[in-house]
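**Student:** File query_4.pdb below, PDB, C-alpha atoms, pLDDT in the B column:
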```
ATOM      1  CA  MET F   1      19.493  17.296 144.549  1.00 47.00           C
ATOM      2  CA  LYS F   2      20.465  16.365 148.095  1.00 49.00           C
ATOM      3  CA  SER F   3      23.632  14.644 146.902  1.00 48.00           C
ATOM      4  CA  VAL F   4      24.530  17.672 144.754  1.00 42.00           C
ATOM      5  CA  LEU F   5      24.228  20.019 147.731  1.00 45.00           C
ATOM      6  CA  TYR F   6      26.225  17.629 149.895  1.00 47.00           C
ATOM      7  CA  GLY F   7      28.864  17.507 147.149  1.00 47.00           C
ATOM      8  CA  VAL F   8      29.023  21.304 147.068  1.00 43.00           C
ATOM      9  CA  LEU F   9      29.564  21.362 150.850  1.00 48.00           C
ATOM     10  CA  CYS F  10      32.333  18.804 150.528  1.00 47.00           C
ATOM     11  CA  LEU F  11      33.973  20.912 147.829  1.00 44.00           C
ATOM     12  CA  THR F  12      33.838  23.989 150.040  1.00 50.00           C
ATOM     13  CA  LEU F  13      35.590  21.989 152.706  1.00 49.00           C
ATOM     14  CA  ALA F  14      38.093  20.588 150.212  1.00 45.00           C
ATOM     15  CA  ALA F  15      40.869  22.193 152.192  1.00 45.00           C
ATOM     16  CA  ALA F  16      40.606  19.264 154.633  1.00 43.00           C
ATOM     17  CA  PRO F  17      42.924  16.937 152.657  1.00 43.00           C
ATOM     18  CA  VAL F  18      45.402  19.786 152.329  1.00 41.00           C
ATOM     19  CA  ALA F  19      45.054  20.449 156.035  1.00 42.00           C
ATOM     20  CA  ALA F  20      45.637  16.783 156.804  1.00 42.00           C
ATOM     21  CA  GLN F  21      48.708  16.770 154.569  1.00 42.00           C
ATOM     22  CA  GLU F  22      50.051  19.909 156.233  1.00 42.00           C
ATOM     23  CA  GLN F  23      49.320  18.380 159.638  1.00 44.00           C
ATOM     24  CA  ALA F  24      51.427  15.365 158.749  1.00 46.00           C
ATOM     25  CA  GLY F  25      54.172  17.596 157.382  1.00 45.00           C
ATOM     26  CA  PRO F  26      56.607  16.749 154.640  1.00 43.00           C
ATOM     27  CA  ALA F  27      57.909  13.212 154.271  1.00 42.00           C
ATOM     28  CA  PRO F  28      61.170  12.400 156.060  1.00 41.00           C
ATOM     29  CA  GLY F  29      64.129  13.539 153.998  1.00 43.00           C
ATOM     30  CA  THR F  30      62.047  16.067 152.079  1.00 39.00           C
ATOM     31  CA  THR F  31      63.796  19.370 151.590  1.00 42.00           C
ATOM     32  CA  ALA F  32      62.515  22.728 150.482  1.00 41.00           C
ATOM     33  CA  GLN F  33      64.140  22.225 147.091  1.00 44.00           C
ATOM     34  CA  THR F  34      62.407  18.863 146.462  1.00 39.00           C
ATOM     35  CA  LEU F  35      59.082  20.524 147.245  1.00 44.00           C
ATOM     36  CA  GLY F  36      59.922  23.439 144.977  1.00 48.00           C
ATOM     37  CA  VAL F  37      59.527  25.846 147.876  1.00 46.00           C
ATOM     38  CA  PRO F  38      62.099  28.480 148.842  1.00 50.00           C
ATOM     39  CA  ASP F  39      63.834  27.842 152.184  1.00 49.00           C
ATOM     40  CA  THR F  40      62.204  30.916 153.762  1.00 47.00           C
ATOM     41  CA  ALA F  41      58.728  29.766 152.727  1.00 50.00           C
ATOM     42  CA  MET F  42      59.347  26.298 154.216  1.00 45.00           C
ATOM     43  CA  ALA F  43      59.645  27.839 157.672  1.00 44.00           C
ATOM     44  CA  GLU F  44      56.231  29.493 157.179  1.00 54.00           C
ATOM     45  CA  LEU F  45      54.405  26.172 156.676  1.00 59.00           C
ATOM     46  CA  GLU F  46      52.316  25.655 159.786  1.00 65.00           C
ATOM     47  CA  PRO F  47      50.060  22.777 160.640  1.00 81.00           C
ATOM     48  CA  ALA F  48      46.388  23.402 159.904  1.00 90.00           C
ATOM     49  CA  LEU F  49      43.290  22.217 161.705  1.00 94.00           C
ATOM     50  CA  GLN F  50      41.914  18.955 160.321  1.00 96.00           C
ATOM     51  CA  ILE F  51      38.297  19.353 159.239  1.00 96.00           C
ATOM     52  CA  LEU F  52      37.062  15.988 158.001  1.00 97.00           C
ATOM     53  CA  ASP F  53      33.816  14.473 156.769  1.00 97.00           C
ATOM     54  CA  ALA F  54      32.798  11.833 159.315  1.00 97.00           C
ATOM     55  CA  ALA F  55      31.776   9.369 156.592  1.00 95.00           C
ATOM     56  CA  GLY F  56      34.121   6.401 156.731  1.00 92.00           C
ATOM     57  CA  ILE F  57      35.955   7.632 159.835  1.00 96.00           C
ATOM     58  CA  ASP F  58      35.996   5.724 163.100  1.00 96.00           C
ATOM     59  CA  PRO F  59      36.136   8.243 165.984  1.00 96.00           C
ATOM     60  CA  GLU F  60      38.211   5.714 167.948  1.00 95.00           C
ATOM     61  CA  GLU F  61      41.106   6.428 165.540  1.00 96.00           C
ATOM     62  CA  PHE F  62      41.643   9.645 167.502  1.00 97.00           C
ATOM     63  CA  LEU F  63      41.636   8.118 171.018  1.00 95.00           C
ATOM     64  CA  TRP F  64      44.374   9.589 173.231  1.00 93.00           C
ATOM     65  CA  ASP F  65      45.681  11.655 170.307  1.00 94.00           C
ATOM     66  CA  ARG F  66      43.038  14.275 169.463  1.00 96.00           C
ATOM     67  CA  ARG F  67      39.889  15.795 170.870  1.00 96.00           C
ATOM     68  CA  ILE F  68      36.930  15.686 168.515  1.00 98.00           C
ATOM     69  CA  VAL F  69      34.626  18.602 167.892  1.00 98.00           C
ATOM     70  CA  ALA F  70      31.672  17.018 166.105  1.00 98.00           C
ATOM     71  CA  VAL F  71      29.380  19.232 164.040  1.00 98.00           C
ATOM     72  CA  MET F  72      26.220  17.391 163.064  1.00 98.00           C
ATOM     73  CA  ALA F  73      23.169  18.448 161.049  1.00 98.00           C
ATOM     74  CA  ASN F  74      20.432  16.897 158.938  1.00 97.00           C
ATOM     75  CA  SER F  75      21.348  19.016 155.920  1.00 96.00           C
ATOM     76  CA  PRO F  76      24.380  20.964 154.703  1.00 97.00           C
ATOM     77  CA  ARG F  77      21.974  23.896 154.195  1.00 97.00           C
ATOM     78  CA  ASP F  78      21.125  24.082 157.906  1.00 97.00           C
ATOM     79  CA  PRO F  79      21.936  27.707 158.879  1.00 98.00           C
ATOM     80  CA  ALA F  80      23.306  26.589 162.248  1.00 98.00           C
ATOM     81  CA  PHE F  81      25.638  24.103 160.517  1.00 98.00           C
ATOM     82  CA  ILE F  82      26.855  26.725 158.049  1.00 98.00           C
ATOM     83  CA  ARG F  83      27.447  29.278 160.815  1.00 98.00           C
ATOM     84  CA  GLN F  84      29.338  26.785 162.994  1.00 98.00           C
ATOM     85  CA  MET F  85      31.599  25.608 160.170  1.00 98.00           C
ATOM     86  CA  GLU F  86      32.387  29.181 159.099  1.00 97.00           C
ATOM     87  CA  ASP F  87      33.313  30.119 162.664  1.00 97.00           C
ATOM     88  CA  ILE F  88      35.556  27.072 163.003  1.00 97.00           C
ATOM     89  CA  ARG F  89      37.356  27.824 159.724  1.00 96.00           C
ATOM     90  CA  GLU F  90      37.882  31.456 160.743  1.00 95.00           C
ATOM     91  CA  GLN F  91      39.345  30.642 164.184  1.00 94.00           C
ATOM     92  CA  GLN F  92      41.331  27.458 163.597  1.00 95.00           C
ATOM     93  CA  ALA F  93      44.380  28.368 165.691  1.00 93.00           C
ATOM     94  CA  ASP F  94      42.582  28.096 169.034  1.00 94.00           C
ATOM     95  CA  LEU F  95      41.345  24.596 168.255  1.00 96.00           C
ATOM     96  CA  LEU F  96      44.652  23.463 166.779  1.00 95.00           C
ATOM     97  CA  GLU F  97      46.397  24.520 169.985  1.00 92.00           C
ATOM     98  CA  ARG F  98      44.038  22.224 171.910  1.00 94.00           C
ATOM     99  CA  ASP F  99      44.715  19.115 169.777  1.00 94.00           C
ATOM    100  CA  VAL F 100      41.293  19.201 168.094  1.00 97.00           C
ATOM    101  CA  VAL F 101      40.102  17.519 164.925  1.00 98.00           C
ATOM    102  CA  VAL F 102      36.714  18.623 163.566  1.00 98.00           C
ATOM    103  CA  LEU F 103      34.450  15.887 162.208  1.00 98.00           C
ATOM    104  CA  PHE F 104      31.284  16.958 160.431  1.00 98.00           C
ATOM    105  CA  ASP F 105      28.260  15.037 159.189  1.00 98.00           C
ATOM    106  CA  ALA F 106      25.467  16.934 157.449  1.00 97.00           C
ATOM    107  CA  ASP F 107      23.585  13.995 155.995  1.00 96.00           C
ATOM    108  CA  ARG F 108      20.953  12.436 158.236  1.00 94.00           C
ATOM    109  CA  ASN F 109      21.125   9.223 156.176  1.00 95.00           C
ATOM    110  CA  SER F 110      24.912   8.850 156.221  1.00 94.00           C
ATOM    111  CA  GLY F 111      25.029   6.140 158.868  1.00 93.00           C
ATOM    112  CA  SER F 112      28.519   7.267 159.898  1.00 96.00           C
ATOM    113  CA  LEU F 113      29.958   5.799 163.088  1.00 97.00           C
ATOM    114  CA  LEU F 114      29.961   9.292 164.595  1.00 97.00           C
ATOM    115  CA  ARG F 115      26.238   9.729 163.829  1.00 97.00           C
ATOM    116  CA  GLN F 116      25.502   6.307 165.329  1.00 96.00           C
ATOM    117  CA  MET F 117      27.470   7.209 168.448  1.00 96.00           C
ATOM    118  CA  LEU F 118      25.948  10.681 169.009  1.00 97.00           C
ATOM    119  CA  ARG F 119      22.423  10.168 167.591  1.00 96.00           C
ATOM    120  CA  PRO F 120      21.799  13.848 166.832  1.00 96.00           C
ATOM    121  CA  ARG F 121      18.348  15.297 166.297  1.00 94.00           C
ATOM    122  CA  GLY F 122      18.913  18.160 163.903  1.00 96.00           C
ATOM    123  CA  PHE F 123      21.926  20.376 164.554  1.00 98.00           C
ATOM    124  CA  MET F 124      24.307  19.333 167.307  1.00 98.00           C
ATOM    125  CA  LEU F 125      27.779  20.344 168.415  1.00 98.00           C
ATOM    126  CA  ALA F 126      29.592  17.810 170.587  1.00 98.00           C
ATOM    127  CA  ILE F 127      33.011  17.831 172.209  1.00 97.00           C
ATOM    128  CA  ILE F 128      34.652  14.459 172.748  1.00 98.00           C
ATOM    129  CA  GLU F 129      37.721  14.273 175.002  1.00 96.00           C
ATOM    130  CA  LYS F 130      40.858  12.335 174.084  1.00 95.00           C
ATOM    131  CA  ASP F 131      39.711   9.446 176.281  1.00 94.00           C
ATOM    132  CA  GLY F 132      36.557   9.052 174.149  1.00 95.00           C
ATOM    133  CA  GLN F 133      34.115  10.555 176.660  1.00 96.00           C
ATOM    134  CA  ILE F 134      31.459  12.880 175.309  1.00 96.00           C
ATOM    135  CA  LYS F 135      32.016  15.971 177.436  1.00 96.00           C
ATOM    136  CA  GLN F 136      29.452  18.360 175.947  1.00 96.00           C
ATOM    137  CA  ARG F 137      26.481  18.352 173.588  1.00 97.00           C
ATOM    138  CA  ARG F 138      24.913  21.575 172.427  1.00 97.00           C
ATOM    139  CA  PRO F 139      21.814  22.027 170.224  1.00 97.00           C
ATOM    140  CA  SER F 140      23.040  25.341 168.801  1.00 97.00           C
ATOM    141  CA  PRO F 141      26.287  26.761 167.398  1.00 98.00           C
ATOM    142  CA  ARG F 142      29.005  27.924 169.772  1.00 97.00           C
ATOM    143  CA  ASP F 143      31.750  30.440 169.254  1.00 96.00           C
ATOM    144  CA  VAL F 144      35.234  28.885 169.047  1.00 97.00           C
ATOM    145  CA  ARG F 145      36.123  30.930 172.121  1.00 96.00           C
ATOM    146  CA  GLU F 146      33.385  29.110 174.064  1.00 97.00           C
ATOM    147  CA  ILE F 147      34.500  25.729 172.734  1.00 97.00           C
ATOM    148  CA  SER F 148      38.103  26.497 173.710  1.00 95.00           C
ATOM    149  CA  ALA F 149      37.071  27.621 177.195  1.00 95.00           C
ATOM    150  CA  ALA F 150      35.113  24.403 177.707  1.00 96.00           C
ATOM    151  CA  ILE F 151      38.094  22.306 176.594  1.00 95.00           C
ATOM    152  CA  ASP F 152      40.393  24.258 178.921  1.00 93.00           C
ATOM    153  CA  HIS F 153      38.292  23.067 181.880  1.00 92.00           C
ATOM    154  CA  PHE F 154      38.792  19.375 181.068  1.00 93.00           C
ATOM    155  CA  PRO F 155      41.190  17.610 183.472  1.00 88.00           C
ATOM    156  CA  LEU F 156      43.306  16.192 180.614  1.00 87.00           C
ATOM    157  CA  ARG F 157      43.706  19.659 179.100  1.00 86.00           C
ATOM    158  CA  ARG F 158      44.771  21.108 182.449  1.00 84.00           C
ATOM    159  CA  GLN F 159      47.349  18.332 182.794  1.00 86.00           C
ATOM    160  CA  GLU F 160      48.632  19.002 179.244  1.00 84.00           C
ATOM    161  CA  PHE F 161      48.912  22.697 179.992  1.00 79.00           C
ATOM    162  CA  LEU F 162      50.989  22.016 183.100  1.00 81.00           C
ATOM    163  CA  GLU F 163      53.237  19.594 181.210  1.00 82.00           C
ATOM    164  CA  ARG F 164      53.768  22.043 178.345  1.00 81.00           C
ATOM    165  CA  ASN F 165      54.201  25.066 180.624  1.00 79.00           C
ATOM    166  CA  PRO F 166      55.947  23.998 183.825  1.00 78.00           C
ATOM    167  CA  ALA F 167      55.788  26.597 186.580  1.00 71.00           C
ATOM    168  CA  GLY F 168      53.028  28.448 184.694  1.00 60.00           C
ATOM    169  CA  ARG F 169      55.322  29.954 182.068  1.00 57.00           C
TER     170      ARG F 169
END
```
In structure tokens, write the structure found in this file.
**Tutor:**
Amino acid sequence: MKSVLYGVLCLTLAAAPVAAQEQAGPAPGTTAQTLGVPDTAMAELEPALQILDAAGIDPEEFLWDRRIVAVMANSPRDPAFIRQMEDIREQQADLLERDVVVLFDADRNSGSLLRQMLRPRGFMLAIIEKDGQIKQRRPSPRDVREISAAIDHFPLRRQEFLERNPAGR
């Protein structure tokens, strides 16, 4: 029963492979015609937030490239887990702008590297900076606005902001 529920959760988050594919973009040399997409629609393709199951993923793969927002729970039926994942899916743009990848693990027996690293007890939200440091751990869901505000206070994020927007533009 547990594996069936976990499978249902994974199916609801099945957009993750599509999001990862959109994040990578089309292969070099791919045109709108080879994709079967009109030229105007090609311009509308935007990268999507990566939301990935932590099973089989080494968090170190994202060092210096992405921040990790880790959503952990003992069960995919945990109301806090469900609420957090829904909020993240609804407000993806803010996290995407901050170079975030969301890794989730809702199986206390998964043994994922992320679970071993964070050792959650029940629900936990953690923010891991690009340098691999765990910057925040929270025992309850947070609004994406709060997560974004926390990230904006990180020194690396401030440096990125200045590099992307010289003279505060």
**Student:** Hey, could you make a per-residue contact list for stretch 75-121 of chain F against stretch 137-157 of chain F with 8 Å as the cut-off, showing the nearest pair of atoms and its distance in Å to one decimal, counting only C-alpha atoms, sorted by chain and number, as JSON lines?
**Tutor:**
```
{"residue": "F:Ala80", "atom": "CA", "partner": "F:Pro141", "partner_atom": "CA", "distance": 6.0}
{"residue": "F:Phe81", "atom": "CA", "partner": "F:Pro141", "partner_atom": "CA", "distance": 7.4}
{"residue": "F:Arg83", "atom": "CA", "partner": "F:Pro141", "partner_atom": "CA", "distance": 7.1}
{"residue": "F:Gln84", "atom": "CA", "partner": "F:Pro141", "partner_atom": "CA", "distance": 5.4}
{"residue": "F:Asp87", "atom": "CA", "partner": "F:Val144", "partner_atom": "CA", "distance": 6.8}
{"residue": "F:Ile88", "atom": "CA", "partner": "F:Val144", "partner_atom": "CA", "distance": 6.3}
{"residue": "F:Gln91", "atom": "CA", "partner": "F:Val144", "partner_atom": "CA", "distance": 6.6}
{"residue": "F:Asp94", "atom": "CA", "partner": "F:Ser148", "partner_atom": "CA", "distance": 6.7}
{"residue": "F:Leu95", "atom": "CA", "partner": "F:Ser148", "partner_atom": "CA", "distance": 6.6}
{"residue": "F:Arg98", "atom": "CA", "partner": "F:Ser148", "partner_atom": "CA", "distance": 7.5}
```
**Student:** Please provide as a list in words all residues within 7 Å of F:Glu129, with the sequence filter that same-chain residues fewer than 5 positions apart are discarded (counting only C-alpha atoms).
**Tutor:** Arg67, Ile68, Ile134 and Lys135 of chain F
**Student:** For the selection you just gave me, I'd like the residues written to a file as a PDB file, in the frame of the given file, keeping C-alpha atoms.
**Tutor:**
```
ATOM      1  CA  ARG F  67      39.889  15.795 170.870  1.00 96.00           C
ATOM      2  CA  ILE F  68      36.930  15.686 168.515  1.00 98.00           C
ATOM      3  CA  ILE F 134      31.459  12.880 175.309  1.00 96.00           C
ATOM      4  CA  LYS F 135      32.016  15.971 177.436  1.00 96.00           C
TER       5      LYS F 135
END
```
**Student:** Go through the shown structure with the PyMOL selection byres ((chain F and resi 132) around 12) and write out the matching residues as an MDAnalysis selection string.
**Tutor:** chainID F and resid 58:69 114 117:118 126:131 133:136 156
**Student:** To one decimal in Å, tell me the separation between atom CA of F:Pro79 and atom CA of F:Glu97.
**Tutor:**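 It comes out at 27.1 Å.
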**Student:** Excluding stretch 73-75 of chain F and any residue of its chain fewer than 3 positions from it, enumerate the residues within 7 Å of it, using all atoms listed in the file, and give them as a ChimeraX atom specification.
**Tutor:** /F:78,81,105-108,122-124
**Student:** Rounded to one decimal, what separation in Å do you get between atom CA of F:Ala48 and atom CA of F:Pro166?
**Tutor:**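 Here the two named atoms are 25.8 Å from each other.
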**Student:** How many Å separate atom CA of F:Asp53 from atom CA of F:Phe161?
**Tutor:**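 Atom-to-atom, atom CA of F:Asp53 to atom CA of F:Phe161, that is 28.9 Å.
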